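*Asks:* My questions will all concern the structure given below.
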Amino acid sequence: MGTVVTPAIAEDTIRQQQWHLEAMRAAEMWQVTKGQGVTVAVIDSGFKFDHPDLDGQFLPGKDFSGSPGGVGSFADGHGTAISSLIAGTGRGNGGTGAQGLAPGTKILPLKINTGKVGSLVSTDFLDQIGQSITYAVDQGAKVINISQGIEAVTALPADVAKLNGIIAGARAKGVLVFASVGNGADKGNLVEYPGALPGVVGVGASDQNGTVTAESERGPQVAFIAPGQDVMSACTGATGYCKSHGTSDSTALVSASAALVWAVHKDWTGNQVLRVLINTAGKPNDGSPRNDIVGYGAVRPRIALTDPGDPGPADVSPIPVNTATPPVGLPSASSSVVASAAPVPTESPTDVAAGGSTVQPKAEGASGSGSAVPIVAGVVAGLVLVAGVVFAVVRRRRKPVVQSEIQAPPVSAQQPLGAVAPPPPSYRPPVPPEDNPYAR
C-alpha cells in the first residue's frame, strides 16, 4: 500500500534520481525554453515557500481552506511536491536538488482543505476548488493544476454543477485545467472529481517503461499519461526530499509540459496547446488513436516543441464532451477487468491489471489526430446522489498521504528505508532510446 523508498546513495544526487527528467530529455527542452512567462496555478494543501528548490518561484497566492496559517502553511508536503515537479530550480542540496520540468514558470499557490486539518465536507472541497479556479483565471494563470479529488458518489449534484460551470468558464477564457484521474484502479476504479468533469484534462500515471501503473484509474476521462512511479521531488520533511507515486505527480508533469509549449507559442490558445500535446503524444501500441487506459498516450513536450505540426483552430476544443458516460460514481467503462482482478503490485513494470492486456504507449510518430474522439467523462446530467453521504474522504493521487522521505547525500547506510535498489547514477530508461515513449 505504501511507497517503497530507498536511501539516496552517496554518489547520487537528488537530481540524478529524477529519472523522469532524463527520460523526457528535459535538458534538450531547456535549451529552447524553461517556461518563462507562464503562470501555473497549483490548487493544493499548502506550500513551503522557503524550500531552497522553490525559493522565488511562488507568486502571492491565496488561502481558501479556512484553516489556520495561511497559504504558506501546510498540513503535509503534497502542494510543495507538486510545485517542485513543475517549477523546482534544483538550487537546494548544494545545487543538486530537485528540478521541475518547467523551472522558468511561476507558481500561483492556492490552498484548499484536503482533509488533513479538521473534517472535510464534499461541498466545501468542491467549492474551494471552484473559488481557486476563479481566482487563478482572474490572476492570469494559463494552466491550472489540481492533483486532488474525491469519489464522485460523495458529491452533491448542485455542487458538481456549480464547479462544472466554473470550469467551463475558465476553458472559455482559454485556461487549461489539468487534474489527476485517481489512484483507485485496483480498488474498484470509481470515478473521481474534478478529474472526470467536462472541461478538465484527466491525467494517469505510468512507470519508467511507459506502462500504466496498476493504481492509475481507467476510463474515458483519461487524456494523457505521464511519469508517476518512483518520482523524486522536494517536500516538507526533515530531509527536504521525498519519493512517491501516483497520478498527482503525472498531472504536475503534464501541466509543466503545457507551460513549456505555451512559453514558446505565446499567441496560441489553450485549445491549440492541448491539440499539439495530443497530436505529439506517444500513441497507444494497440493501434488506436486513444484508449481508456492511456488516453491519447504519453505526453511528449519535446516533440511538441521540436515538431508541433498544425495547432488547428483556436476556438475548437480537441476534447469534446462524452455524453455516453457511465453513471457518476460507478466504475468507469473500462474497469470491468480492473475491478474484478486481484490487485497488481504498483511496482510491476509490465502488468496493467491482472487478467488484462499489457498496454505500453510507444512513440509511433509525431502526429496523430485526436480532435474527433470523445473522452471526457462526468456529464452533470444524470448525476447519482447517494443518500446520507455528506462527508468525503479526499483521495490524493499520491500514496501514502505522507510522502516517504529521501535522505539527501550523504546518507547513513543503516537507515532502513526500503529494499529496492535506487537507480544508478547514470540512469537511463529501461527501454531502447528509439522506443522511449516520453521523448522519441
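Here, A, B, ... name the chains of the C-alpha cells in the order displayed, residue numbers run from 1 inside each chain, and ligands are numbered from 1 in the same displayed order.
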Can you tell me, as an MDAnalysis selection string, which residues in range 52-112 of chain A count as alpha helix (DSSP H) by DSSP?
*Replies:* chainID A and resid 78:87 92:95
*Asks:* Now that the selection is made, can you save its residues with C-alpha atoms as a tab-separated table (two decimals), in the first residue's frame?
*Replies:*
```tsv
chain	number	residue	atom	x	y	z
A	78	HIS	CA	1.77	17.47	-1.14
A	79	GLY	CA	1.42	21.00	-2.51
A	80	THR	CA	5.14	21.59	-2.12
A	81	ALA	CA	6.00	18.41	-4.01
A	82	ILE	CA	3.61	19.20	-6.87
A	83	SER	CA	5.04	22.71	-7.16
A	84	SER	CA	8.60	21.37	-7.29
A	85	LEU	CA	7.76	18.91	-10.07
A	86	ILE	CA	6.54	21.86	-12.12
A	87	ALA	CA	8.91	24.69	-11.22
A	92	GLY	CA	18.80	23.03	-2.88
A	93	ASN	CA	21.19	20.35	-1.67
A	94	GLY	CA	24.21	22.31	-2.81
A	95	GLY	CA	22.79	22.94	-6.26
```
*Asks:* Among range 75-181 of chain A, which residues does DSSP mark as strand (DSSP E or B) when it is run on the backbone? Keep the chain and numbering as in the structure and answer as a ChimeraX atom specification.
*Replies:* /A:89,99,106-111,121,143-146,150-151,176-180
*Asks:* Once you count only C-alpha atoms, what closest atom pair and distance in Å to one decimal does each residue of range 234-271 of chain A within 12 Å of range 216-219 of chain A have, with rows by chain and rising residue number, as CSV?
*Replies:*
```
residue,atom,partner,partner_atom,distance
A:His245,CA,A:Ser216,CA,9.9
A:Gly246,CA,A:Ser216,CA,7.0
A:Thr247,CA,A:Ser216,CA,6.4
A:Ser248,CA,A:Ser216,CA,10.1
A:Asp249,CA,A:Ser216,CA,11.4
A:Ser250,CA,A:Ser216,CA,10.0
A:Thr251,CA,A:Ser216,CA,11.5
```
*Asks:* Within 8 Å of range 61-64 of chain A, counting only C-alpha atoms, which residues show up once you throw out same-chain ones fewer than 3 positions away? Write them as a compact mmCIF listing (two decimals) with C-alpha atoms, in the first residue's frame, please.
*Replies:*
```
# COMPACT_ATOMS: atom_id res chain seq x y z
CA PHE A 58 5.92 31.45 -5.88
CA GLY A 70 -2.39 30.91 5.54
CA VAL A 71 -1.32 29.72 2.11
CA LEU A 108 0.37 30.68 -8.12
CA PRO A 109 -0.24 28.81 -4.82
CA LEU A 110 -3.88 28.31 -3.88
CA LYS A 111 -4.58 26.47 -0.66
CA ILE A 112 -7.66 24.33 -0.06
CA ASN A 113 -8.69 21.98 2.73
CA GLN A 128 -12.89 25.75 -2.57
CA GLN A 131 -13.12 29.61 -5.85
CA SER A 132 -9.49 28.77 -6.55
```
*Asks:* Could you check which of A:Ala304, A:Ala185, A:Leu54, A:Ala27 is closest to Val212 in chain A, using only C-alpha atoms?
*Replies:*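 Smallest distance to Val212 in chain A is found for A:Ala185.
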*Asks:* Please list as a ChimeraX atom specification every residue within 12 Å of Ser65 in chain A, counting only C-alpha atoms and excluding residues in the same chain fewer than 4 positions away.
*Replies:* /A:43-46,69-75,110-121,124-132
*Asks:* Could you save the residues just selected, with N, CA and C atoms, as a tab-separated table (two decimals), in the first residue's frame?
*Replies:*
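And here is the file that came out, result.tsv:
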```tsv
chain	number	residue	atom	x	y	z
A	43	ILE	N	-3.55	24.15	-7.12
A	43	ILE	CA	-4.59	24.09	-6.09
A	43	ILE	C	-4.31	22.88	-5.23
A	44	ASP	N	-3.89	23.12	-3.98
A	44	ASP	CA	-3.40	22.00	-3.18
A	44	ASP	C	-3.45	22.33	-1.70
A	45	SER	N	-2.69	21.58	-0.92
A	45	SER	CA	-2.84	21.53	0.52
A	45	SER	C	-1.99	22.50	1.31
A	46	GLY	N	-1.31	23.41	0.66
A	46	GLY	CA	-0.41	24.34	1.34
A	46	GLY	C	0.99	24.22	0.78
A	69	GLY	N	-3.07	29.52	9.49
A	69	GLY	CA	-1.70	29.52	8.98
A	69	GLY	C	-1.51	30.17	7.64
A	70	GLY	N	-2.54	30.28	6.83
A	70	GLY	CA	-2.39	30.91	5.54
A	70	GLY	C	-1.84	30.00	4.47
A	71	VAL	N	-1.71	30.53	3.25
A	71	VAL	CA	-1.32	29.72	2.11
A	71	VAL	C	0.09	29.17	2.25
A	72	GLY	N	0.94	29.83	3.02
A	72	GLY	CA	2.31	29.38	3.20
A	72	GLY	C	2.48	28.38	4.33
A	73	SER	N	1.40	27.87	4.88
A	73	SER	CA	1.47	26.79	5.87
A	73	SER	C	0.99	25.50	5.21
A	74	PHE	N	1.26	24.39	5.85
A	74	PHE	CA	0.95	23.11	5.18
A	74	PHE	C	0.73	22.02	6.21
A	75	ALA	N	-0.27	21.19	5.94
A	75	ALA	CA	-0.53	20.04	6.79
A	75	ALA	C	0.25	18.82	6.33
A	110	LEU	N	-2.51	28.15	-4.34
A	110	LEU	CA	-3.88	28.31	-3.88
A	110	LEU	C	-4.21	27.17	-2.94
A	111	LYS	N	-4.42	27.50	-1.69
A	111	LYS	CA	-4.58	26.47	-0.66
A	111	LYS	C	-6.05	26.13	-0.43
A	112	ILE	N	-6.32	24.82	-0.39
A	112	ILE	CA	-7.66	24.33	-0.06
A	112	ILE	C	-7.54	23.32	1.08
A	113	ASN	N	-8.67	23.00	1.69
A	113	ASN	CA	-8.69	21.98	2.73
A	113	ASN	C	-8.82	20.61	2.08
A	114	THR	N	-7.79	19.80	2.22
A	114	THR	CA	-7.81	18.47	1.61
A	114	THR	C	-8.09	17.37	2.63
A	115	GLY	N	-8.53	17.76	3.82
A	115	GLY	CA	-8.90	16.78	4.82
A	115	GLY	C	-7.86	16.52	5.88
A	116	LYS	N	-6.73	17.19	5.79
A	116	LYS	CA	-5.69	16.99	6.79
A	116	LYS	C	-5.90	17.87	8.03
A	117	VAL	N	-6.70	18.91	7.89
A	117	VAL	CA	-6.98	19.80	9.01
A	117	VAL	C	-8.48	19.80	9.26
A	118	GLY	N	-8.92	19.20	10.37
A	118	GLY	CA	-10.33	19.16	10.68
A	118	GLY	C	-11.10	18.23	9.74
A	119	SER	N	-12.43	18.29	9.80
A	119	SER	CA	-13.25	17.45	8.94
A	119	SER	C	-13.39	18.10	7.57
A	120	LEU	N	-13.67	17.27	6.61
A	120	LEU	CA	-13.82	17.75	5.24
A	120	LEU	C	-15.20	17.41	4.71
A	121	VAL	N	-15.94	18.42	4.30
A	121	VAL	CA	-17.25	18.23	3.70
A	121	VAL	C	-17.09	18.36	2.19
A	124	ASP	N	-17.71	21.76	0.70
A	124	ASP	CA	-16.63	22.72	0.92
A	124	ASP	C	-15.45	22.45	-0.01
A	125	PHE	N	-15.10	21.19	-0.18
A	125	PHE	CA	-13.98	20.83	-1.02
A	125	PHE	C	-14.19	21.31	-2.45
A	126	LEU	N	-15.34	20.99	-3.03
A	126	LEU	CA	-15.61	21.39	-4.40
A	126	LEU	C	-15.75	22.90	-4.53
A	127	ASP	N	-16.34	23.53	-3.50
A	127	ASP	CA	-16.49	24.98	-3.53
A	127	ASP	C	-15.13	25.67	-3.46
A	128	GLN	N	-14.22	25.16	-2.65
A	128	GLN	CA	-12.89	25.75	-2.57
A	128	GLN	C	-12.12	25.60	-3.88
A	129	ILE	N	-12.29	24.48	-4.54
A	129	ILE	CA	-11.67	24.30	-5.85
A	129	ILE	C	-12.23	25.33	-6.83
A	130	GLY	N	-13.56	25.49	-6.79
A	130	GLY	CA	-14.19	26.47	-7.69
A	130	GLY	C	-13.71	27.88	-7.44
A	131	GLN	N	-13.63	28.27	-6.17
A	131	GLN	CA	-13.12	29.61	-5.85
A	131	GLN	C	-11.67	29.78	-6.32
A	132	SER	N	-10.90	28.72	-6.16
A	132	SER	CA	-9.49	28.77	-6.55
A	132	SER	C	-9.35	28.93	-8.06
```
*Asks:* Between A:Val177, A:Leu59, A:Ala158, A:Ile14, which is the closest to Gly90 in chain A once you count only C-alpha atoms?
*Replies:*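 With only C-alpha atoms as the atom set, the closest residue is A:Ile14.
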*Asks:* Go through A:Leu176, A:Ala223, A:Ala152, A:Ile319 and flag the residue nearest Thr39 in chain A, using only C-alpha atoms for the distances.
*Replies:*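 Residue with the minimum atom-to-atom distance to Thr39 in chain A: A:Leu176.
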